[in-house]
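Source file model-v1.pdb; content: PDB, C-alpha atoms.
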```
ATOM      1  CA  MET A   1    -265.512-170.651 290.266
ATOM      2  CA  LYS A   2    -266.050-174.414 290.185
ATOM      3  CA  ARG A   3    -263.595-176.308 288.012
ATOM      4  CA  ARG A   4    -264.806-178.891 285.557
ATOM      5  CA  LYS A   5    -264.731-182.599 286.270
ATOM      6  CA  PHE A   6    -263.050-184.471 283.437
ATOM      7  CA  ILE A   7    -264.335-187.773 282.116
ATOM      8  CA  LYS A   8    -261.569-190.261 281.303
ATOM      9  CA  ASP A   9    -260.798-190.742 277.594
ATOM     10  CA  SER A  10    -262.544-187.520 276.572
ATOM     11  CA  ALA A  11    -261.614-186.327 273.098
ATOM     12  CA  ILE A  12    -261.218-182.786 274.418
ATOM     13  CA  VAL A  13    -257.511-182.104 274.914
ATOM     14  CA  GLY A  14    -256.098-178.768 276.045
ATOM     15  CA  ALA A  15    -253.056-176.744 275.053
ATOM     16  CA  VAL A  16    -249.644-176.695 276.721
ATOM     17  CA  SER A  17    -248.687-173.712 278.856
ATOM     18  CA  VAL A  18    -245.397-171.915 278.322
ATOM     19  CA  SER A  19    -243.308-169.442 280.260
ATOM     20  CA  PRO A  20    -243.717-165.924 278.855
ATOM     21  CA  THR A  21    -240.867-164.020 277.271
ATOM     22  CA  TYR A  22    -240.398-160.333 277.970
ATOM     23  CA  ILE A  23    -239.778-157.136 276.048
ATOM     24  CA  LEU A  24    -236.362-155.914 277.186
ATOM     25  CA  ALA A  25    -236.375-152.475 275.601
ATOM     26  CA  ASN A  26    -238.382-150.102 273.413
ATOM     27  CA  SER A  27    -241.626-150.930 275.209
ATOM     28  CA  GLY A  28    -244.744-149.314 273.812
ATOM     29  CA  MET A  29    -246.684-149.704 277.066
ATOM     30  CA  TYR A  30    -247.297-147.729 280.218
ATOM     31  CA  SER A  31    -248.764-148.682 283.591
ATOM     32  CA  ASN A  32    -252.289-147.978 284.767
ATOM     33  CA  ASP A  33    -254.148-149.350 287.773
ATOM     34  CA  LYS A  34    -257.140-150.224 285.538
ATOM     35  CA  PHE A  35    -255.187-152.745 283.466
ATOM     36  CA  ARG A  36    -255.795-156.478 283.890
ATOM     37  CA  SER A  37    -252.875-158.720 284.786
ATOM     38  CA  VAL A  38    -252.031-161.838 282.791
ATOM     39  CA  HIS A  39    -252.619-165.174 284.510
ATOM     40  CA  ARG A  40    -250.928-167.452 281.968
ATOM     41  CA  ILE A  41    -249.790-167.646 278.352
ATOM     42  CA  LEU A  42    -250.537-170.796 276.332
ATOM     43  CA  THR A  43    -249.250-171.927 272.946
ATOM     44  CA  ALA A  44    -251.678-173.560 270.509
ATOM     45  CA  GLY A  45    -250.852-177.108 269.445
ATOM     46  CA  SER A  46    -251.323-178.476 265.934
ATOM     47  CA  THR A  47    -253.571-181.438 265.165
ATOM     48  CA  PHE A  48    -256.223-182.600 262.690
ATOM     49  CA  VAL A  49    -259.984-182.787 262.989
ATOM     50  CA  GLY A  50    -261.060-185.042 260.146
ATOM     51  CA  THR A  51    -258.880-183.914 257.234
ATOM     52  CA  LEU A  52    -258.824-180.314 258.464
ATOM     53  CA  PRO A  53    -255.531-179.045 259.972
ATOM     54  CA  ILE A  54    -256.115-177.008 263.118
ATOM     55  CA  LEU A  55    -254.305-175.143 265.881
ATOM     56  CA  ARG A  56    -255.920-175.739 269.274
ATOM     57  CA  ALA A  57    -255.417-173.022 271.891
ATOM     58  CA  PHE A  58    -257.425-174.694 274.650
ATOM     59  CA  ALA A  59    -260.062-177.393 274.960
ATOM     60  CA  GLY A  60    -261.987-178.111 278.125
ATOM     61  CA  ASP A  61    -259.297-176.737 280.439
ATOM     62  CA  HIS A  62    -258.610-173.353 282.079
ATOM     63  CA  LEU A  63    -262.346-172.805 282.523
ATOM     64  CA  ASP A  64    -261.781-170.442 285.461
ATOM     65  CA  TYR A  65    -260.280-168.036 282.901
ATOM     66  CA  VAL A  66    -262.099-168.763 279.617
ATOM     67  CA  SER A  67    -265.710-169.545 280.631
ATOM     68  CA  PRO A  68    -268.264-169.145 279.064
ATOM     69  CA  PHE A  69    -266.044-170.487 276.231
ATOM     70  CA  VAL A  70    -264.709-174.050 276.386
ATOM     71  CA  LEU A  71    -262.689-174.634 273.187
ATOM     72  CA  PHE A  72    -260.718-172.514 270.701
ATOM     73  CA  ASP A  73    -259.570-173.889 267.321
ATOM     74  CA  GLU A  74    -258.032-172.045 264.382
ATOM     75  CA  PHE A  75    -258.362-173.978 261.107
ATOM     76  CA  GLY A  76    -256.006-173.160 258.270
ATOM     77  CA  PRO A  77    -254.917-171.044 256.630
ATOM     78  CA  VAL A  78    -254.589-173.696 253.974
ATOM     79  CA  LYS A  79    -254.495-173.391 250.171
ATOM     80  CA  ILE A  80    -257.068-175.429 248.270
ATOM     81  CA  SER A  81    -256.629-176.227 244.575
ATOM     82  CA  PRO A  82    -259.621-176.140 242.205
ATOM     83  CA  GLU A  83    -261.465-179.474 241.902
ATOM     84  CA  SER A  84    -259.563-181.001 244.829
ATOM     85  CA  ASP A  85    -261.342-183.005 247.510
ATOM     86  CA  ALA A  86    -263.012-180.953 250.204
ATOM     87  CA  LEU A  87    -261.373-180.744 253.616
ATOM     88  CA  LYS A  88    -264.009-182.428 255.751
ATOM     89  CA  VAL A  89    -265.074-183.292 259.273
ATOM     90  CA  GLU A  90    -267.472-186.221 258.997
ATOM     91  CA  ALA A  91    -270.866-186.162 260.702
ATOM     92  CA  HIS A  92    -270.545-186.068 264.479
ATOM     93  CA  PRO A  93    -272.805-185.185 267.418
ATOM     94  CA  HIS A  94    -272.821-182.314 269.904
ATOM     95  CA  ALA A  95    -274.865-181.648 273.022
ATOM     96  CA  GLY A  96    -274.861-178.945 275.672
ATOM     97  CA  VAL A  97    -272.526-176.635 273.763
ATOM     98  CA  ILE A  98    -272.649-174.075 270.917
ATOM     99  CA  PRO A  99    -269.904-174.618 268.318
ATOM    100  CA  THR A 100    -269.488-171.269 266.548
ATOM    101  CA  THR A 101    -267.715-170.905 263.200
ATOM    102  CA  TYR A 102    -266.255-167.696 261.759
ATOM    103  CA  PHE A 103    -264.570-167.484 258.347
ATOM    104  CA  ALA A 104    -261.693-165.048 257.922
ATOM    105  CA  SER A 105    -261.257-166.248 254.330
ATOM    106  CA  GLY A 106    -262.819-168.881 252.110
ATOM    107  CA  SER A 107    -266.143-170.601 252.626
ATOM    108  CA  GLY A 108    -267.610-173.637 254.324
ATOM    109  CA  HIS A 109    -270.419-176.136 253.892
ATOM    110  CA  HIS A 110    -272.559-177.076 256.902
ATOM    111  CA  LYS A 111    -275.176-179.825 256.967
ATOM    112  CA  ASP A 112    -276.958-181.105 260.066
ATOM    113  CA  SER A 113    -279.709-183.364 261.404
ATOM    114  CA  LEU A 114    -281.984-180.314 261.760
ATOM    115  CA  ASP A 115    -282.383-180.237 257.941
ATOM    116  CA  TYR A 116    -280.065-177.243 257.500
ATOM    117  CA  ASP A 117    -277.760-177.439 254.485
ATOM    118  CA  PHE A 118    -275.982-174.229 253.510
ATOM    119  CA  GLN A 119    -272.762-172.485 252.521
ATOM    120  CA  ILE A 120    -271.044-170.065 254.943
ATOM    121  CA  ASN A 121    -269.003-167.255 253.401
ATOM    122  CA  THR A 122    -266.126-165.009 254.467
ATOM    123  CA  GLY A 123    -267.042-162.808 257.425
ATOM    124  CA  GLU A 124    -270.176-164.774 258.305
ATOM    125  CA  PHE A 125    -270.761-166.358 261.706
ATOM    126  CA  MET A 126    -272.577-169.615 262.469
ATOM    127  CA  MET A 127    -273.936-170.790 265.820
ATOM    128  CA  PHE A 128    -274.860-174.483 266.096
ATOM    129  CA  SER A 129    -276.770-174.556 269.386
ATOM    130  CA  SER A 130    -276.738-178.277 270.065
ATOM    131  CA  GLY A 131    -278.879-178.307 273.231
ATOM    132  CA  LYS A 132    -280.140-181.826 273.937
ATOM    133  CA  GLY A 133    -278.238-183.120 270.909
ATOM    134  CA  ALA A 134    -277.836-182.919 267.150
ATOM    135  CA  ILE A 135    -275.414-184.041 264.430
ATOM    136  CA  HIS A 136    -273.576-181.935 261.862
ATOM    137  CA  MET A 137    -270.999-182.262 259.102
ATOM    138  CA  GLU A 138    -268.498-179.561 258.133
ATOM    139  CA  GLU A 139    -266.315-179.177 255.046
ATOM    140  CA  SER A 140    -264.752-176.556 252.807
ATOM    141  CA  GLY A 141    -267.319-174.834 250.603
ATOM    142  CA  ASN A 142    -268.362-175.098 246.962
ATOM    143  CA  GLU A 143    -266.627-171.872 245.956
ATOM    144  CA  LEU A 144    -263.263-173.252 247.066
ATOM    145  CA  LYS A 145    -263.938-176.554 245.313
ATOM    146  CA  GLU A 146    -264.710-174.803 242.027
ATOM    147  CA  ASN A 147    -262.177-171.970 242.074
ATOM    148  CA  GLY A 148    -259.637-172.847 244.760
ATOM    149  CA  GLY A 149    -258.309-170.360 247.269
ATOM    150  CA  GLU A 150    -257.508-170.042 250.944
ATOM    151  CA  LEU A 151    -259.503-171.524 253.811
ATOM    152  CA  HIS A 152    -259.002-169.839 257.161
ATOM    153  CA  GLY A 153    -261.369-169.656 260.088
ATOM    154  CA  PHE A 154    -262.095-170.281 263.722
ATOM    155  CA  GLN A 155    -264.327-172.732 265.516
ATOM    156  CA  ILE A 156    -264.856-171.617 269.089
ATOM    157  CA  TRP A 157    -267.235-173.424 271.438
ATOM    158  CA  LEU A 158    -269.491-171.380 273.681
ATOM    159  CA  ASN A 159    -270.802-173.295 276.674
ATOM    160  CA  MET A 160    -274.541-173.340 277.355
ATOM    161  CA  PRO A 161    -275.817-172.463 280.835
ATOM    162  CA  SER A 162    -277.281-175.537 282.543
ATOM    163  CA  LYS A 163    -280.873-174.334 282.207
ATOM    164  CA  PHE A 164    -280.563-174.400 278.391
ATOM    165  CA  LYS A 165    -278.644-177.661 277.896
ATOM    166  CA  TRP A 166    -281.760-179.759 277.217
ATOM    167  CA  ASP A 167    -283.429-177.248 274.886
ATOM    168  CA  ASP A 168    -284.198-178.208 271.302
ATOM    169  CA  PRO A 169    -281.154-177.690 269.042
ATOM    170  CA  SER A 170    -281.030-174.912 266.437
ATOM    171  CA  THR A 171    -278.694-173.478 263.799
ATOM    172  CA  VAL A 172    -278.361-169.855 262.674
ATOM    173  CA  VAL A 173    -275.962-168.019 260.364
ATOM    174  CA  TYR A 174    -275.394-164.292 260.895
ATOM    175  CA  GLY A 175    -274.446-162.088 257.946
ATOM    176  CA  THR A 176    -271.860-159.336 258.072
ATOM    177  CA  GLU A 177    -274.579-156.696 258.414
ATOM    178  CA  ILE A 178    -275.429-158.098 261.865
ATOM    179  CA  MET A 179    -271.876-157.665 263.176
ATOM    180  CA  PRO A 180    -270.614-154.049 263.067
ATOM    181  CA  THR A 181    -267.052-153.108 262.207
ATOM    182  CA  VAL A 182    -265.261-150.390 264.155
ATOM    183  CA  VAL A 183    -263.099-148.497 261.655
ATOM    184  CA  HIS A 184    -260.386-146.336 263.196
ATOM    185  CA  GLU A 185    -257.345-144.619 261.751
ATOM    186  CA  HIS A 186    -255.066-147.230 263.337
ATOM    187  CA  PHE A 187    -257.223-150.355 263.730
ATOM    188  CA  THR A 188    -260.334-152.218 262.606
ATOM    189  CA  ALA A 189    -262.440-154.401 264.886
ATOM    190  CA  ASN A 190    -265.239-156.754 263.867
ATOM    191  CA  VAL A 191    -267.670-156.986 266.778
ATOM    192  CA  VAL A 192    -268.896-160.563 266.373
ATOM    193  CA  MET A 193    -270.551-160.648 269.815
ATOM    194  CA  GLY A 194    -271.032-158.030 272.499
ATOM    195  CA  SER A 195    -270.256-154.298 272.344
ATOM    196  CA  LEU A 196    -267.074-152.345 271.682
ATOM    197  CA  PHE A 197    -266.526-148.577 271.456
ATOM    198  CA  GLY A 198    -270.244-147.885 271.022
ATOM    199  CA  HIS A 199    -270.833-150.599 268.400
ATOM    200  CA  THR A 200    -273.065-153.544 269.347
ATOM    201  CA  SER A 201    -273.481-156.868 267.569
ATOM    202  CA  LYS A 202    -276.980-158.227 267.029
ATOM    203  CA  VAL A 203    -275.798-161.811 267.573
ATOM    204  CA  GLU A 204    -277.868-163.225 270.444
ATOM    205  CA  THR A 205    -276.218-165.163 273.284
ATOM    206  CA  LEU A 206    -277.570-167.176 276.218
ATOM    207  CA  SER A 207    -275.264-165.406 278.669
ATOM    208  CA  PRO A 208    -273.140-162.225 278.412
ATOM    209  CA  ALA A 209    -270.167-162.787 276.082
ATOM    210  CA  PHE A 210    -267.935-160.779 273.750
ATOM    211  CA  TYR A 211    -265.939-161.748 270.657
ATOM    212  CA  TYR A 212    -263.787-159.206 268.778
ATOM    213  CA  HIS A 213    -261.624-159.745 265.675
ATOM    214  CA  ILE A 214    -259.065-156.931 265.563
ATOM    215  CA  LYS A 215    -256.293-155.771 263.219
ATOM    216  CA  LEU A 216    -253.931-153.186 264.730
ATOM    217  CA  ASP A 217    -251.397-151.128 262.758
ATOM    218  CA  ALA A 218    -247.675-151.135 263.472
ATOM    219  CA  ASP A 219    -246.346-149.108 266.404
ATOM    220  CA  LYS A 220    -249.816-148.601 267.882
ATOM    221  CA  ARG A 221    -251.425-149.429 271.205
ATOM    222  CA  LEU A 222    -255.031-150.243 272.003
ATOM    223  CA  ASP A 223    -256.876-150.507 275.315
ATOM    224  CA  ILE A 224    -259.924-152.808 275.287
ATOM    225  CA  PRO A 225    -262.516-152.073 278.011
ATOM    226  CA  THR A 226    -264.188-155.075 279.667
ATOM    227  CA  ASP A 227    -266.408-155.806 282.654
ATOM    228  CA  PRO A 228    -264.006-156.462 285.576
ATOM    229  CA  ASN A 229    -266.201-159.391 286.694
ATOM    230  CA  HIS A 230    -265.968-161.130 283.298
ATOM    231  CA  ASN A 231    -263.272-163.432 281.963
ATOM    232  CA  ALA A 232    -261.124-162.260 279.062
ATOM    233  CA  PHE A 233    -258.423-163.743 276.840
ATOM    234  CA  VAL A 234    -256.450-162.693 273.751
ATOM    235  CA  TYR A 235    -255.336-164.956 270.871
ATOM    236  CA  THR A 236    -252.749-163.751 268.343
ATOM    237  CA  VAL A 237    -253.464-164.817 264.755
ATOM    238  CA  SER A 238    -250.447-163.074 263.198
ATOM    239  CA  GLY A 239    -247.759-160.696 264.319
ATOM    240  CA  GLU A 240    -246.731-160.149 267.908
ATOM    241  CA  LEU A 241    -248.273-158.224 270.800
ATOM    242  CA  GLU A 242    -246.797-156.652 273.864
ATOM    243  CA  ILE A 243    -249.160-157.186 276.772
ATOM    244  CA  GLU A 244    -249.275-156.449 280.503
ATOM    245  CA  ASN A 245    -245.950-156.178 282.362
ATOM    246  CA  GLN A 246    -244.003-156.124 279.069
ATOM    247  CA  LYS A 247    -244.771-159.751 278.235
ATOM    248  CA  ARG A 248    -244.628-160.871 274.595
ATOM    249  CA  LEU A 249    -247.589-162.658 273.038
ATOM    250  CA  LEU A 250    -246.337-164.441 269.930
ATOM    251  CA  GLN A 251    -248.282-165.768 266.954
ATOM    252  CA  HIS A 252    -250.657-168.604 267.910
ATOM    253  CA  GLN A 253    -250.437-167.888 271.620
ATOM    254  CA  VAL A 254    -253.290-167.033 273.969
ATOM    255  CA  ALA A 255    -253.080-164.833 277.063
ATOM    256  CA  LEU A 256    -255.525-165.613 279.881
ATOM    257  CA  TYR A 257    -256.306-162.624 282.090
ATOM    258  CA  GLU A 258    -257.198-162.311 285.753
ATOM    259  CA  ARG A 259    -260.541-160.780 286.675
ATOM    260  CA  GLY A 260    -260.926-157.759 288.931
ATOM    261  CA  LYS A 261    -259.819-154.918 286.638
ATOM    262  CA  SER A 262    -261.213-153.478 283.421
ATOM    263  CA  ASP A 263    -258.840-152.726 280.546
ATOM    264  CA  ILE A 264    -256.719-155.043 278.421
ATOM    265  CA  ASN A 265    -253.716-153.064 277.164
ATOM    266  CA  LEU A 266    -252.083-154.103 273.894
ATOM    267  CA  TYR A 267    -249.234-152.781 271.747
ATOM    268  CA  THR A 268    -247.694-154.032 268.512
ATOM    269  CA  LYS A 269    -244.411-152.932 266.987
ATOM    270  CA  GLU A 270    -244.884-154.514 263.536
ATOM    271  CA  GLY A 271    -248.688-154.810 263.354
ATOM    272  CA  ALA A 272    -250.881-157.699 264.517
ATOM    273  CA  GLU A 273    -254.163-159.532 263.984
ATOM    274  CA  PHE A 274    -255.807-161.008 267.058
ATOM    275  CA  PHE A 275    -259.015-161.987 268.861
ATOM    276  CA  VAL A 276    -260.273-160.722 272.210
ATOM    277  CA  LEU A 277    -262.982-162.888 273.798
ATOM    278  CA  GLY A 278    -264.616-163.475 277.152
ATOM    279  CA  GLY A 279    -267.769-162.985 279.138
ATOM    280  CA  GLN A 280    -269.559-163.760 282.347
ATOM    281  CA  PRO A 281    -268.228-166.981 283.921
ATOM    282  CA  LEU A 282    -270.987-169.588 284.173
ATOM    283  CA  ASP A 283    -269.709-170.805 287.569
ATOM    284  CA  GLU A 284    -271.114-174.284 286.984
ATOM    285  CA  VAL A 285    -269.499-177.703 287.247
ATOM    286  CA  VAL A 286    -268.665-179.001 283.759
ATOM    287  CA  PHE A 287    -268.525-182.649 282.716
ATOM    288  CA  SER A 288    -267.156-183.156 279.208
ATOM    289  CA  TYR A 289    -266.814-186.170 276.960
ATOM    290  CA  GLY A 290    -265.671-185.392 273.439
ATOM    291  CA  PRO A 291    -268.390-183.289 271.790
ATOM    292  CA  PHE A 292    -270.737-183.462 274.805
ATOM    293  CA  VAL A 293    -270.449-180.725 277.452
ATOM    294  CA  MET A 294    -272.809-181.156 280.394
ATOM    295  CA  ASN A 295    -273.016-180.587 284.156
ATOM    296  CA  THR A 296    -273.120-184.151 285.510
ATOM    297  CA  GLU A 297    -271.787-187.560 284.549
ATOM    298  CA  GLU A 298    -275.363-188.858 284.381
ATOM    299  CA  GLU A 299    -276.149-186.242 281.726
ATOM    300  CA  ILE A 300    -273.141-187.361 279.688
ATOM    301  CA  ARG A 301    -274.350-190.963 279.806
ATOM    302  CA  ARG A 302    -277.805-189.778 278.746
ATOM    303  CA  CYS A 303    -276.241-187.982 275.747
ATOM    304  CA  ILE A 304    -274.315-191.100 274.722
ATOM    305  CA  HIS A 305    -277.488-193.172 274.963
ATOM    306  CA  ASN A 306    -279.510-190.645 272.942
ATOM    307  CA  TYR A 307    -276.865-190.628 270.214
ATOM    308  CA  ASN A 308    -276.607-194.427 270.099
ATOM    309  CA  VAL A 309    -280.385-194.924 269.747
ATOM    310  CA  GLY A 310    -280.675-192.287 267.005
ATOM    311  CA  ASN A 311    -282.348-189.491 268.945
ATOM    312  CA  MET A 312    -279.818-186.989 267.610
ATOM    313  CA  GLY A 313    -280.264-188.005 263.974
ATOM    314  CA  ASN A 314    -278.668-190.323 261.440
ATOM    315  CA  PRO A 315    -274.970-189.624 260.691
ATOM    316  CA  ALA A 316    -275.195-191.478 257.361
ATOM    317  CA  ILE A 317    -277.864-189.078 256.090
ATOM    318  CA  VAL A 318    -275.988-185.998 257.295
ATOM    319  CA  ASN A 319    -272.819-187.175 255.517
ATOM    320  CA  GLN A 320    -274.587-187.526 252.142
TER     321      GLN A 320
END
```
Output the file's structure as structure tokens, nothing else.
Amino acid sequence: MKRRKFIKDSAIVGAVSVSPTYILANSGMYSNDKFRSVHRILTAGSTFVGTLPILRAFAGDHLDYVSPFVLFDEFGPVKISPESDALKVEAHPHAGVIPTTYFASGSGHHKDSLDYDFQINTGEFMMFSSGKGAIHMEESGNELKENGGELHGFQIWLNMPSKFKWDDPSTVVYGTEIMPTVVHEHFTANVVMGSLFGHTSKVETLSPAFYYHIKLDADKRLDIPTDPNHNAFVYTVSGELEIENQKRLLQHQVALYERGKSDINLYTKEGAEFFVLGGQPLDEVVFSYGPFVMNTEEEIRRCIHNYNVGNMGNPAIVNQ
């Protein structure tokens, strides 16, 4: 797979890799020749986007193992007091990429240069398909402003195949009825994208991809089937997982898996909440510059020009 070419001074900054720790005893795992091996474990780093505190697992790096995704941010959890100022990311452009937003708790407000202006609630999923370029603003929602509460969610960027990068932009919000939940005696799994255990999401994607939000009970194991030719990675939201070869995946770490085998095997001693994502690698050169993700440097310069001359919309209007 071709690695991306990185434009100097890009605002996309990746996570720092760490050496894995190991389970020394009381392992809940067993070996199987179908299980994927772990390539690397990364630890998310903390930063701010606007006034929103985030944990960034990766951003523009490790594409051989995360494509078709290019960025993974967890925002919050953060407590918001009633009548306090909204946590906000001011109007900014995107092109060539699909920022997706999923709320585990709380609500958000999205407004963009496509004349969309709406609230996104817990469990809902937004796809901002930026294509040739558009501007949006994001902030905590009206319900949190009025009543207070917890804001917790995930913004994960899905790359667009090159043939779609200059399409007209669009925005869609999927309700919980579109994304099935697998309910089992020992786990629940929200199938945001793709299919899992006979349940298929109706969220449409430009290339094959999967996105599962899973909660697994204590002292239980779970094997996740995947296409051996697709990338796959696991991010731990809370708790701790035991993964392949008795490695430990701690809270706010992501495990990147090798391709070539099917199942991802997971075990938790105390219970865990985590995401499993991946899909068909795009196998395309990637040029990135901040919010623009394209295939050539010339395309990046075209995006910058289009933004500067107003072809993506007026940030002042979107911020109102």
Grab all the atoms of stretch 63-77 of chain A that the file lists, wrap them in a box along x, y and z, add 4 Å per side, and give me centre plus edge lengths in Å (one decimal) as AutoDock Vina command-line options.
```
--center_x -261.6 --center_y -171.3 --center_z 271.0 --size_x 21.3 --size_y 14.6 --size_z 36.8
```
Picked residues, the PyMOL selection byres ((chain A and resi 107-119) around 7), as a PDB file with C-alpha atoms, keeping the file's coordinate frame:
```pdb
ATOM      1  CA  PHE A 103    -264.570-167.484 258.347  1.00  0.00           C
ATOM      2  CA  SER A 105    -261.257-166.248 254.330  1.00  0.00           C
ATOM      3  CA  GLY A 106    -262.819-168.881 252.110  1.00  0.00           C
ATOM      4  CA  ILE A 120    -271.044-170.065 254.943  1.00  0.00           C
ATOM      5  CA  ASN A 121    -269.003-167.255 253.401  1.00  0.00           C
ATOM      6  CA  THR A 122    -266.126-165.009 254.467  1.00  0.00           C
ATOM      7  CA  ALA A 134    -277.836-182.919 267.150  1.00  0.00           C
ATOM      8  CA  ILE A 135    -275.414-184.041 264.430  1.00  0.00           C
ATOM      9  CA  HIS A 136    -273.576-181.935 261.862  1.00  0.00           C
ATOM     10  CA  MET A 137    -270.999-182.262 259.102  1.00  0.00           C
ATOM     11  CA  GLU A 138    -268.498-179.561 258.133  1.00  0.00           C
ATOM     12  CA  GLU A 139    -266.315-179.177 255.046  1.00  0.00           C
ATOM     13  CA  SER A 140    -264.752-176.556 252.807  1.00  0.00           C
ATOM     14  CA  GLY A 141    -267.319-174.834 250.603  1.00  0.00           C
ATOM     15  CA  GLU A 143    -266.627-171.872 245.956  1.00  0.00           C
ATOM     16  CA  LEU A 144    -263.263-173.252 247.066  1.00  0.00           C
ATOM     17  CA  LEU A 151    -259.503-171.524 253.811  1.00  0.00           C
ATOM     18  CA  GLY A 313    -280.264-188.005 263.974  1.00  0.00           C
ATOM     19  CA  VAL A 318    -275.988-185.998 257.295  1.00  0.00           C
TER      20      VAL A 318
END
```
- [ ] Enumerate, as a VMD selection string, the residues matched when the PyMOL selection byres ((chain A and resi 183) around 12) is run on the file above.
- [x] chain A and resid 180 to 182 184 to 191 196 to 199 214 to 216
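From atom CA of A:Pro77 back to atom CA of A:Asn159, the distance works out to 25.7 Å.
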Task: One-decimal distance in Å that lies between atom CA of A:Pro68 and atom CA of A:Gln280 - done: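 Separating atom CA of A:Gln280 from atom CA of A:Pro68 is a distance of 6.4 Å.
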- [ ] Could you please determine the separation between atom CA of A:Ser201 and atom CA of A:Met179 in Å, to one decimal place?
- [x] 4.7 Å
